[in-house]
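Next comes work-v6.txt, a file with compact mmCIF, C-alpha atoms.
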# COMPACT_ATOMS: atom_id res chain seq x y z
CA LEU A 8 -54.81 -20.21 1.82
CA ALA A 9 -54.60 -17.16 -0.45
CA VAL A 10 -53.36 -19.29 -3.35
CA GLN A 11 -56.09 -21.85 -2.78
CA ALA A 12 -58.65 -19.04 -2.75
CA LEU A 13 -57.29 -17.90 -6.12
CA ILE A 14 -57.55 -21.39 -7.59
CA ALA A 15 -61.09 -21.63 -6.21
CA GLU A 16 -61.93 -18.29 -7.89
CA ASP A 17 -62.76 -16.66 -4.56
CA VAL A 18 -60.27 -13.88 -5.45
CA ASP A 19 -59.04 -12.68 -8.83
CA ALA A 20 -55.32 -12.35 -8.03
CA VAL A 21 -52.78 -12.59 -5.21
CA ILE A 22 -50.05 -10.02 -4.62
CA ILE A 23 -46.89 -11.89 -3.68
CA ASP A 24 -43.11 -11.54 -3.70
CA ASP A 25 -41.71 -12.78 -6.98
CA VAL A 26 -39.52 -15.49 -5.44
CA ALA A 27 -42.33 -16.93 -3.33
CA GLY A 28 -44.63 -16.66 -6.34
CA GLN A 29 -42.25 -18.76 -8.41
CA GLY A 30 -42.42 -21.39 -5.70
CA TYR A 31 -46.21 -21.53 -5.80
CA VAL A 32 -46.18 -21.64 -9.59
CA GLY A 33 -43.77 -24.58 -9.40
CA GLU A 34 -46.19 -26.43 -7.12
CA ASN A 35 -49.34 -25.43 -9.01
CA GLU A 36 -48.22 -24.77 -12.58
CA GLU A 37 -51.44 -26.14 -14.04
CA PHE A 38 -53.50 -23.62 -12.07
CA VAL A 39 -51.55 -20.38 -11.57
CA ARG A 40 -49.00 -18.13 -13.25
CA LEU A 41 -47.19 -14.85 -12.56
CA LEU A 42 -47.81 -11.73 -14.61
CA ASP A 43 -44.65 -10.27 -16.13
CA ASP A 44 -45.58 -6.78 -14.96
CA ALA A 45 -43.84 -5.87 -11.67
CA ILE A 46 -45.76 -3.93 -9.03
CA THR A 47 -42.84 -2.54 -7.03
CA GLN A 48 -39.17 -3.10 -6.25
CA ASP A 49 -38.65 -3.88 -2.58
CA GLY A 50 -35.41 -3.42 -0.71
CA GLY A 51 -34.55 -7.10 -0.89
CA LEU A 52 -34.74 -10.01 1.51
CA GLY A 53 -32.42 -10.51 4.44
CA PHE A 54 -31.83 -12.36 7.68
CA ILE A 55 -32.48 -10.53 10.96
CA PHE A 56 -30.42 -10.54 14.16
CA PRO A 57 -30.69 -9.01 17.63
CA GLU A 58 -29.47 -5.41 17.47
CA GLY A 59 -25.69 -5.25 17.76
CA SER A 60 -25.21 -8.99 17.13
CA GLU A 61 -21.75 -9.94 15.85
CA LEU A 62 -23.39 -12.65 13.75
CA ARG A 63 -24.53 -10.07 11.20
CA ASP A 64 -21.00 -9.35 9.99
CA ALA A 65 -20.20 -13.06 9.89
CA PHE A 66 -23.31 -13.80 7.80
CA ASP A 67 -22.57 -10.84 5.49
CA ALA A 68 -19.04 -12.09 4.87
CA ALA A 69 -20.30 -15.61 4.14
CA LEU A 70 -23.03 -14.35 1.80
CA THR A 71 -20.54 -12.18 -0.07
CA SER A 72 -18.22 -15.15 -0.60
CA MET A 73 -21.18 -17.28 -1.75
CA MET A 74 -22.16 -14.61 -4.29
CA GLU A 75 -18.59 -14.35 -5.57
CA ASP A 76 -17.98 -18.09 -6.01
CA GLY A 77 -21.43 -18.90 -7.44
CA THR A 78 -22.67 -21.00 -4.51
CA LEU A 79 -25.65 -18.73 -3.85
CA ASP A 80 -26.67 -18.87 -7.50
CA ALA A 81 -26.51 -22.68 -7.34
CA ILE A 82 -28.75 -22.79 -4.27
CA ASN A 83 -31.15 -20.33 -5.92
CA ALA A 84 -31.30 -22.47 -9.05
CA LYS A 85 -31.97 -25.60 -6.99
CA TRP A 86 -34.99 -23.97 -5.41
CA GLY A 87 -36.43 -22.66 -8.63
CA PHE A 88 -35.53 -19.01 -8.88
CA GLY A 89 -32.88 -17.05 -10.66
CA PRO A 90 -29.37 -15.90 -9.80
CA ALA A 91 -28.61 -13.62 -6.86
CA GLU A 92 -29.91 -10.14 -7.68
CA ASP A 93 -27.48 -7.51 -8.84
CA MET A 94 -26.83 -5.43 -5.72
CA ASP A 95 -27.21 -2.27 -7.82
CA MET A 96 -30.97 -2.92 -7.67
CA MET A 97 -30.90 -2.64 -3.88
CA LEU A 98 -28.36 0.10 -3.27
CA PRO A 99 -29.49 2.89 -0.96
CA ASP A 100 -29.84 6.44 -2.27
CA LEU A 101 -28.31 9.07 0.03
CA GLY A 102 -29.78 11.91 -1.98
CA GLY A 103 -26.47 13.59 -2.76
CA GLU A 104 -25.54 13.92 0.93
CA THR A 105 -22.02 15.26 1.59
CA ILE A 106 -19.98 12.87 3.71
CA THR A 107 -16.70 13.82 5.38
CA ILE A 108 -13.84 11.35 4.98
CA ALA A 109 -10.69 11.44 7.09
CA VAL A 110 -7.47 10.59 5.25
CA GLU A 111 -3.82 10.93 6.14
CA ASN A 112 -2.53 11.71 2.62
CA ALA A 113 0.69 9.99 3.61
CA TYR A 114 -0.06 6.29 3.06
CA PRO A 115 0.45 5.18 -0.55
CA PRO A 116 -1.16 3.60 -2.43
CA PHE A 117 -4.26 4.38 -0.35
CA ASN A 118 -3.90 8.15 -0.08
CA TYR A 119 -1.00 10.52 -0.71
CA LEU A 120 0.03 13.71 -2.49
CA ASP A 121 1.32 13.25 -6.02
CA GLU A 122 4.89 14.63 -6.13
CA GLU A 123 4.47 16.13 -9.60
CA THR A 124 1.02 17.68 -9.35
CA GLY A 125 0.51 18.05 -5.61
CA ASP A 126 -2.95 16.47 -6.05
CA ALA A 127 -4.30 14.05 -3.46
CA VAL A 128 -4.60 10.64 -5.10
CA GLY A 129 -4.79 6.97 -4.23
CA TRP A 130 -6.94 3.88 -3.88
CA ASP A 131 -9.15 5.51 -1.24
CA TYR A 132 -10.02 8.40 -3.55
CA ASP A 133 -10.93 6.15 -6.46
CA ALA A 134 -12.83 3.58 -4.39
CA ILE A 135 -14.87 6.14 -2.46
CA ALA A 136 -15.62 8.09 -5.62
CA GLU A 137 -17.12 4.91 -7.08
CA ILE A 138 -18.98 4.12 -3.85
CA CYS A 139 -20.53 7.59 -3.88
CA VAL A 140 -21.61 7.20 -7.49
CA ARG A 141 -23.46 4.03 -6.50
CA ILE A 142 -25.14 5.32 -3.32
CA ASN A 143 -25.49 8.96 -4.44
CA CYS A 144 -23.27 10.84 -2.00
CA THR A 145 -20.70 13.61 -2.31
CA PRO A 146 -17.29 12.86 -0.75
CA GLU A 147 -15.41 15.60 1.11
CA PHE A 148 -11.89 14.40 1.95
CA ILE A 149 -10.26 16.02 4.98
CA GLU A 150 -6.58 15.54 5.75
CA THR A 151 -5.87 14.64 9.37
CA SER A 152 -3.18 12.85 11.36
CA TRP A 153 -3.32 9.12 11.90
CA ASP A 154 -2.71 9.44 15.66
CA GLY A 155 -6.15 10.84 16.43
CA MET A 156 -8.11 9.54 13.46
CA ILE A 157 -9.97 6.66 15.12
CA VAL A 158 -10.84 8.74 18.19
CA ALA A 159 -12.07 11.57 15.95
CA VAL A 160 -14.35 9.23 14.01
CA ALA A 161 -15.67 7.71 17.25
CA GLY A 162 -16.47 11.23 18.41
CA GLY A 163 -18.40 12.04 15.25
CA GLU A 164 -15.91 14.55 13.80
CA PHE A 165 -15.88 12.61 10.52
CA ASP A 166 -18.46 10.40 8.83
CA VAL A 167 -15.86 7.93 7.58
CA ALA A 168 -12.12 7.28 7.84
CA ALA A 169 -10.23 5.71 4.94
CA ASP A 170 -6.59 4.98 5.60
CA GLY A 171 -5.97 1.29 5.01
CA ILE A 172 -7.23 0.56 8.53
CA THR A 173 -6.71 -2.97 9.82
CA ILE A 174 -9.81 -4.54 11.34
CA THR A 175 -9.12 -5.54 14.95
CA GLU A 176 -11.36 -6.45 17.86
CA GLU A 177 -9.83 -3.72 20.03
CA ARG A 178 -10.58 -1.02 17.46
CA ASP A 179 -14.06 -2.40 16.85
CA GLU A 180 -14.78 -1.90 20.56
CA SER A 181 -13.46 1.67 20.64
CA GLY A 182 -16.60 3.45 19.49
CA VAL A 183 -16.37 2.78 15.74
CA ASP A 184 -17.94 0.30 13.34
CA PHE A 185 -15.96 -1.31 10.52
CA SER A 186 -17.15 -1.87 7.00
CA MET A 187 -16.84 -5.31 5.51
CA PRO A 188 -13.17 -6.01 4.68
CA TYR A 189 -12.30 -4.87 1.18
CA ILE A 190 -8.95 -6.66 1.06
CA SER A 191 -6.99 -9.11 3.18
CA ILE A 192 -3.38 -8.31 3.95
CA VAL A 193 -0.16 -9.62 5.43
CA GLN A 194 2.56 -7.67 7.17
CA ARG A 195 6.06 -7.83 5.72
CA LEU A 196 9.55 -6.36 6.14
CA LEU A 197 10.54 -3.49 3.86
CA VAL A 198 14.33 -3.44 3.46
CA ARG A 199 16.96 -1.65 1.39
CA VAL A 200 17.29 -3.01 -2.11
CA ASP A 201 20.91 -4.12 -1.51
CA GLU A 202 20.22 -5.76 1.87
CA ASP A 203 22.21 -9.01 2.13
CA ARG A 204 22.56 -9.55 5.88
CA PHE A 205 19.17 -11.27 6.27
CA GLU A 206 16.52 -12.70 3.95
CA SER A 207 13.87 -13.88 6.38
CA VAL A 208 11.92 -12.62 9.36
CA ASP A 209 13.64 -15.18 11.61
CA ASP A 210 17.08 -13.95 10.55
CA PHE A 211 16.05 -10.40 11.36
CA VAL A 212 14.51 -11.24 14.73
CA ASN A 213 17.41 -13.43 15.89
CA ASN A 214 19.97 -10.66 15.47
CA ASP A 215 20.18 -7.11 16.82
CA TYR A 216 18.76 -5.25 13.81
CA ILE A 217 16.63 -2.14 14.32
CA VAL A 218 13.12 -1.82 12.90
CA GLY A 219 11.25 1.37 12.04
CA VAL A 220 7.47 1.55 12.29
CA GLN A 221 4.63 4.05 12.42
CA THR A 222 3.29 4.56 15.93
CA ALA A 223 -0.29 3.66 16.93
CA THR A 224 -0.61 1.01 14.20
CA THR A 225 -1.02 -2.76 14.17
CA ASN A 226 2.47 -2.84 12.65
CA TYR A 227 3.79 -1.19 15.82
CA LEU A 228 2.18 -3.89 17.97
CA THR A 229 3.69 -6.57 15.72
CA ALA A 230 7.12 -5.01 16.11
CA VAL A 231 6.79 -5.05 19.91
CA GLU A 232 5.97 -8.76 19.79
CA LEU A 233 8.81 -9.55 17.40
CA VAL A 234 11.78 -7.60 18.75
CA GLY A 235 10.68 -5.51 21.74
CA GLU A 236 10.69 -1.75 22.12
CA ASP A 237 14.48 -1.53 22.61
CA ARG A 238 14.98 -2.43 18.96
CA MET A 239 12.30 -0.13 17.58
CA VAL A 240 12.15 3.44 16.32
CA GLY A 241 8.67 4.97 16.03
CA TYR A 242 7.65 7.55 13.43
CA ASP A 243 4.52 9.69 13.12
CA GLN A 244 4.12 8.83 9.42
CA TYR A 245 5.29 5.99 7.22
CA PRO A 246 7.14 8.24 4.75
CA LEU A 247 9.45 9.19 7.62
CA ALA A 248 10.08 5.54 8.46
CA VAL A 249 10.83 4.73 4.82
CA GLN A 250 13.23 7.67 4.52
CA ALA A 251 14.97 6.50 7.69
CA LEU A 252 15.37 3.07 6.10
CA ILE A 253 16.87 4.54 2.94
CA ALA A 254 19.21 6.69 5.07
CA GLU A 255 20.30 3.53 6.97
CA ASP A 256 19.00 4.83 10.31
CA VAL A 257 16.99 1.60 10.66
CA ASP A 258 17.50 -1.84 9.13
CA ALA A 259 13.91 -2.60 8.11
CA VAL A 260 10.36 -1.29 8.33
CA ILE A 261 7.36 -3.43 9.25
CA ILE A 262 4.50 -2.51 6.94
CA ASP A 263 1.28 -3.90 5.50
CA ASP A 264 1.98 -5.66 2.22
CA VAL A 265 -0.26 -3.41 0.11
CA ALA A 266 1.22 -0.18 1.47
CA GLY A 267 4.69 -1.68 1.13
CA GLN A 268 4.07 -2.29 -2.56
CA GLY A 269 3.16 1.38 -2.89
CA TYR A 270 6.43 2.50 -1.32
CA VAL A 271 8.42 0.07 -3.47
CA GLY A 272 6.71 1.52 -6.53
CA GLU A 273 7.81 5.03 -5.54
CA ASN A 274 11.33 4.02 -4.42
CA GLU A 275 12.15 0.88 -6.39
CA GLU A 276 15.82 1.80 -6.71
CA PHE A 277 16.12 1.99 -2.92
CA VAL A 278 13.78 -0.50 -1.21
CA ARG A 279 12.18 -3.92 -1.66
CA LEU A 280 9.88 -6.25 0.29
CA LEU A 281 11.07 -9.55 1.71
CA ASP A 282 9.06 -12.51 0.46
CA ASP A 283 8.68 -13.83 4.01
CA ALA A 284 5.33 -12.82 5.54
CA ILE A 285 5.17 -11.87 9.20
CA THR A 286 1.46 -12.30 9.95
CA GLN A 287 -1.96 -12.40 8.33
CA ASP A 288 -4.21 -9.58 9.50
CA GLY A 289 -7.99 -9.54 9.59
CA GLY A 290 -8.32 -7.36 6.52
CA LEU A 291 -8.72 -3.66 5.87
CA GLY A 292 -11.94 -1.69 6.24
CA PHE A 293 -13.43 1.78 6.44
CA ILE A 294 -14.53 2.99 9.88
CA PHE A 295 -17.65 4.89 10.90
CA PRO A 296 -19.03 6.29 14.16
CA GLU A 297 -20.71 3.47 16.06
CA GLY A 298 -24.25 2.91 14.82
CA SER A 299 -23.80 4.95 11.63
CA GLU A 300 -26.20 4.02 8.83
CA LEU A 301 -23.42 4.74 6.35
CA ARG A 302 -21.79 1.42 7.14
CA ASP A 303 -24.57 -0.60 5.55
CA ALA A 304 -24.62 1.73 2.54
CA PHE A 305 -20.85 1.34 2.03
CA ASP A 306 -21.10 -2.44 2.48
CA ALA A 307 -23.82 -2.67 -0.17
CA ALA A 308 -21.71 -0.61 -2.59
CA LEU A 309 -18.55 -2.62 -1.88
CA THR A 310 -20.42 -5.88 -2.43
CA SER A 311 -21.72 -4.68 -5.79
CA MET A 312 -18.20 -3.55 -6.75
CA MET A 313 -16.81 -6.99 -5.87
CA GLU A 314 -19.51 -8.71 -7.90
CA ASP A 315 -19.14 -6.70 -11.09
CA GLY A 316 -15.32 -6.55 -11.04
CA THR A 317 -14.99 -2.82 -10.36
CA LEU A 318 -13.11 -3.34 -7.11
CA ASP A 319 -10.62 -5.66 -8.81
CA ALA A 320 -10.07 -3.03 -11.52
CA ILE A 321 -9.36 -0.33 -8.93
CA ASN A 322 -7.01 -2.67 -7.07
CA GLU A 323 -5.12 -3.43 -10.26
CA ALA A 324 -4.85 0.27 -11.10
CA TRP A 325 -3.09 0.87 -7.77
CA GLY A 326 -0.73 -2.06 -8.04
CA PHE A 327 -2.15 -4.82 -5.91
CA GLY A 328 -4.14 -7.94 -6.52
CA PRO A 329 -7.84 -8.73 -6.75
CA ALA A 330 -10.26 -8.27 -3.86
CA GLU A 331 -9.83 -11.15 -1.44
CA GLU A 332 -12.61 -13.66 -1.02
Let me see the file written as structure tokens.
Amino acid sequence: LAVQALIAEDVDAVIIDDVAGQGYVGENEEFVRLLDDAITQDGGLGFIFPEGSELRDAFDAALTSMMEDGTLDAINAKWGFGPAEDMDMMLPDLGGETITIAVENAYPPFNYLDEETGDAVGWDYDAIAEICVRINCTPEFIETSWDGMIVAVAGGEFDVAADGITITEERDESGVDFSMPYISIVQRLLVRVDEDRFESVDDFVNNDYIVGVQTATTNYLTAVELVGEDRMVGYDQYPLAVQALIAEDVDAVIIDDVAGQGYVGENEEFVRLLDDAITQDGGLGFIFPEGSELRDAFDAALTSMMEDGTLDAINEAWGFGPAEE
């Protein structure tokens, strides 16, 4: 009706969203046009869901994959408007807010202390630094133990936890919200470099070998399923489990593939990863107190980093592959 009123000269102009305006121009190109001058930049268009709906994360994951593989651009082109907007145009601005980030500093390549300099380094530091550049926040990293990290975040002691945390339904229901997954992972066996008694997970499981694993992790649960607690030795931190492997106190360590690559990089003369994968996990994500607005801000930044290749560059710098689709 508004467009017809414009054509009929009952009004002199119509204020309209650019995308919808392009549609009306397409239908009425002999009568109307859009001025080049923009009035304002809105926050973008989105679907809506009942509060707390699990569908939101599923839609976000699908939309991200459609942006990455070009499908969304193809649909946009079919319906007469341009490619999916650069997410930088819609990133929130936190106004320089300081956010506290829990890290273990014992889980390479995600976060650890450099042996030569003593500085805290890793994928988490680089990725969150970039995220904070994009959403205008100031990161404050706080070292804490893995054992109580998830509970501490759920209780609001930290704004975020970054420790290569596997996304699981049980954790998601424990008072925290996960970010979108920033990488998919598999679990593998870390063994001594000269290991020749077994070369597959089945060979390991079907004998009486002992596995080391960090307690309170998804790797620990996998070990219980594979060999049972009688053939397991638990450690508070992964560096202790890896040192036990090198010292021949255990025969293998179950570890996420990405972290395993980090330990191989630091100890390549002593350990290696078996090619055989144990299981595919649901991906890694940051965690936030339930209901935190930071989650959406981090997701927007991560999406923009996936789209422009920054996340792949950070992954490559720390020795693992591109961001998973």
Distance query Asp203 of chain A at most 12 Å, all atoms listed in the file, self and fewer than 4 positions along chain excluded, as a VMD selection string
chain A and resid 198 to 199 207 210 to 211 258 279 281
Please write the residues from the selection above to a file, keeping C-alpha atoms, as a PDB file, keeping the file's coordinate frame.
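again-v2.pdb was written with the following content:
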ATOM      1  CA  VAL A 198      14.330  -3.440   3.460  1.00  0.00           C
ATOM      2  CA  ARG A 199      16.960  -1.650   1.390  1.00  0.00           C
ATOM      3  CA  SER A 207      13.870 -13.880   6.380  1.00  0.00           C
ATOM      4  CA  ASP A 210      17.080 -13.950  10.550  1.00  0.00           C
ATOM      5  CA  PHE A 211      16.050 -10.400  11.360  1.00  0.00           C
ATOM      6  CA  ASP A 258      17.500  -1.840   9.130  1.00  0.00           C
ATOM      7  CA  ARG A 279      12.180  -3.920  -1.660  1.00  0.00           C
ATOM      8  CA  LEU A 281      11.070  -9.550   1.710  1.00  0.00           C
TER       9      LEU A 281
END
Listing only residues of segment 129-238 of chain A within 12 Å of segment 58-63 of chain A, what is the closest atom pair and its distance in Å (to one decimal) for each, using all atoms listed in the file, sorted by chain and residue number ascending, as a Markdown table?
| residue | atom | partner | partner_atom | distance |
| --- | --- | --- | --- | --- |
| A:Glu176 | CA | A:Glu61 | CA | 11.1 |
| A:Asp179 | CA | A:Glu61 | CA | 10.8 |
| A:Glu180 | CA | A:Glu61 | CA | 11.6 |
| A:Asp184 | CA | A:Gly59 | CA | 10.5 |
| A:Phe185 | CA | A:Glu61 | CA | 11.7 |
| A:Ser186 | CA | A:Arg63 | CA | 11.8 |
| A:Met187 | CA | A:Arg63 | CA | 10.7 |
Let me make sure I understand: among A:Ile22, A:Ala324, A:Ile253, A:Ala69, which one has the smallest atom-to-atom distance to Arg40 of chain A if we use all atoms listed in the file?
A:Ile22
Proximity of segment 95-156 of chain A to segment 303-314 of chain A: per-residue shortest pair, 12 Å limit, all atoms listed in the file, as a tab-separated table:
residue	atom	partner	partner_atom	distance
A:Asp95	CA	A:Ser311	CA	6.3
A:Met96	CA	A:Ser311	CA	9.6
A:Met97	CA	A:Ala307	CA	8.0
A:Leu98	CA	A:Ala307	CA	6.2
A:Pro99	CA	A:Ala304	CA	6.1
A:Asp100	CA	A:Ala304	CA	8.5
A:Leu101	CA	A:Ala304	CA	8.6
A:Ile106	CA	A:Phe305	CA	11.7
A:Ala134	CA	A:Leu309	CA	8.8
A:Ile135	CA	A:Phe305	CA	8.9
A:Ala136	CA	A:Ala308	CA	11.0
A:Glu137	CA	A:Ala308	CA	8.5
A:Ile138	CA	A:Ala308	CA	5.6
A:Cys139	CA	A:Ala308	CA	8.4
A:Val140	CA	A:Ala308	CA	9.2
A:Arg141	CA	A:Ala308	CA	6.3
A:Ile142	CA	A:Ala308	CA	6.9
A:Asn143	CA	A:Ala304	CA	10.1
A:Cys144	CA	A:Ala304	CA	10.3
Can you write out the residues you just picked, keeping C-alpha atoms, as a tab-separated table (two decimals), in the frame of the given file?
chain	number	residue	atom	x	y	z
A	95	ASP	CA	-27.21	-2.27	-7.82
A	96	MET	CA	-30.97	-2.92	-7.67
A	97	MET	CA	-30.90	-2.64	-3.88
A	98	LEU	CA	-28.36	0.10	-3.27
A	99	PRO	CA	-29.49	2.89	-0.96
A	100	ASP	CA	-29.84	6.44	-2.27
A	101	LEU	CA	-28.31	9.07	0.03
A	106	ILE	CA	-19.98	12.87	3.71
A	134	ALA	CA	-12.83	3.58	-4.39
A	135	ILE	CA	-14.87	6.14	-2.46
A	136	ALA	CA	-15.62	8.09	-5.62
A	137	GLU	CA	-17.12	4.91	-7.08
A	138	ILE	CA	-18.98	4.12	-3.85
A	139	CYS	CA	-20.53	7.59	-3.88
A	140	VAL	CA	-21.61	7.20	-7.49
A	141	ARG	CA	-23.46	4.03	-6.50
A	142	ILE	CA	-25.14	5.32	-3.32
A	143	ASN	CA	-25.49	8.96	-4.44
A	144	CYS	CA	-23.27	10.84	-2.00
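For Leu247 of chain A, the set of protein, DNA and RNA residues having any atom at most 12 Å away, when counting all atoms listed in the file and skipping those fewer than 2 positions along the same chain, is Ala113, Tyr114, Gly219, Val220, Gln221, Thr222, Val240, Gly241, Tyr242, Asp243, Gln244, Tyr245, Val249, Gln250, Ala251, Leu252, Ile253, Ala254, Asp256, Val257, Val260 and Tyr270 of chain A.
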Between atom CA of Lys85 of chain A and atom CA of Gly28 of chain A lies a distance of 15.5 Å
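The residue that comes closest to Val32 of chain A, out of A:Leu52, A:Ile261, A:Gly267, A:Ile14 and on the basis of all atoms listed in the file, is A:Ile14.
Taking all atoms listed in the file into account, the residues near (-41.1, -8.3, -11.9), no farther than 12 Å, are Ile22, Ile23, Asp24, Asp25, Val26, Gly28, Gln29, Leu41, Leu42, Asp43, Asp44, Ala45, Ile46, Thr47, Gln48 and Asp49 of chain A.
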Centre and edges of the segment 261-272 of chain A box, axis-aligned, 6 Å extra per side, as JSON:
{"center_x": 4.1, "center_y": -1.6, "center_z": 1.4, "size_x": 20.7, "size_y": 20.2, "size_z": 27.8}
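The coordinates place atom CA of Ile192 of chain A at 13.9 Å from atom CA of Leu280 of chain A.
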Hey, can you pull every residue with an atom no more than 12 Å from (-4.5, 10.2, 4.8), using all atoms listed in the file, and send it as a ChimeraX atom specification?
/A:108-120,127-132,148-156,167-172,244-246
Rank A:Thr145, A:Ser191, A:Thr225, A:Thr124 by their smallest atom-to-atom distance to Glu177 of chain A, using all atoms listed in the file, and report the top residue only.
A:Thr225
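Distance-wise, atom CA of Thr286 of chain A and atom CA of Arg195 of chain A end up 7.7 Å apart.
Distance annotation: of A:Glu123, A:Glu236, A:Gly30, A:Tyr189, the residue with the minimal separation from Ser72 of chain A is A:Tyr189; atom set is all atoms listed in the file.
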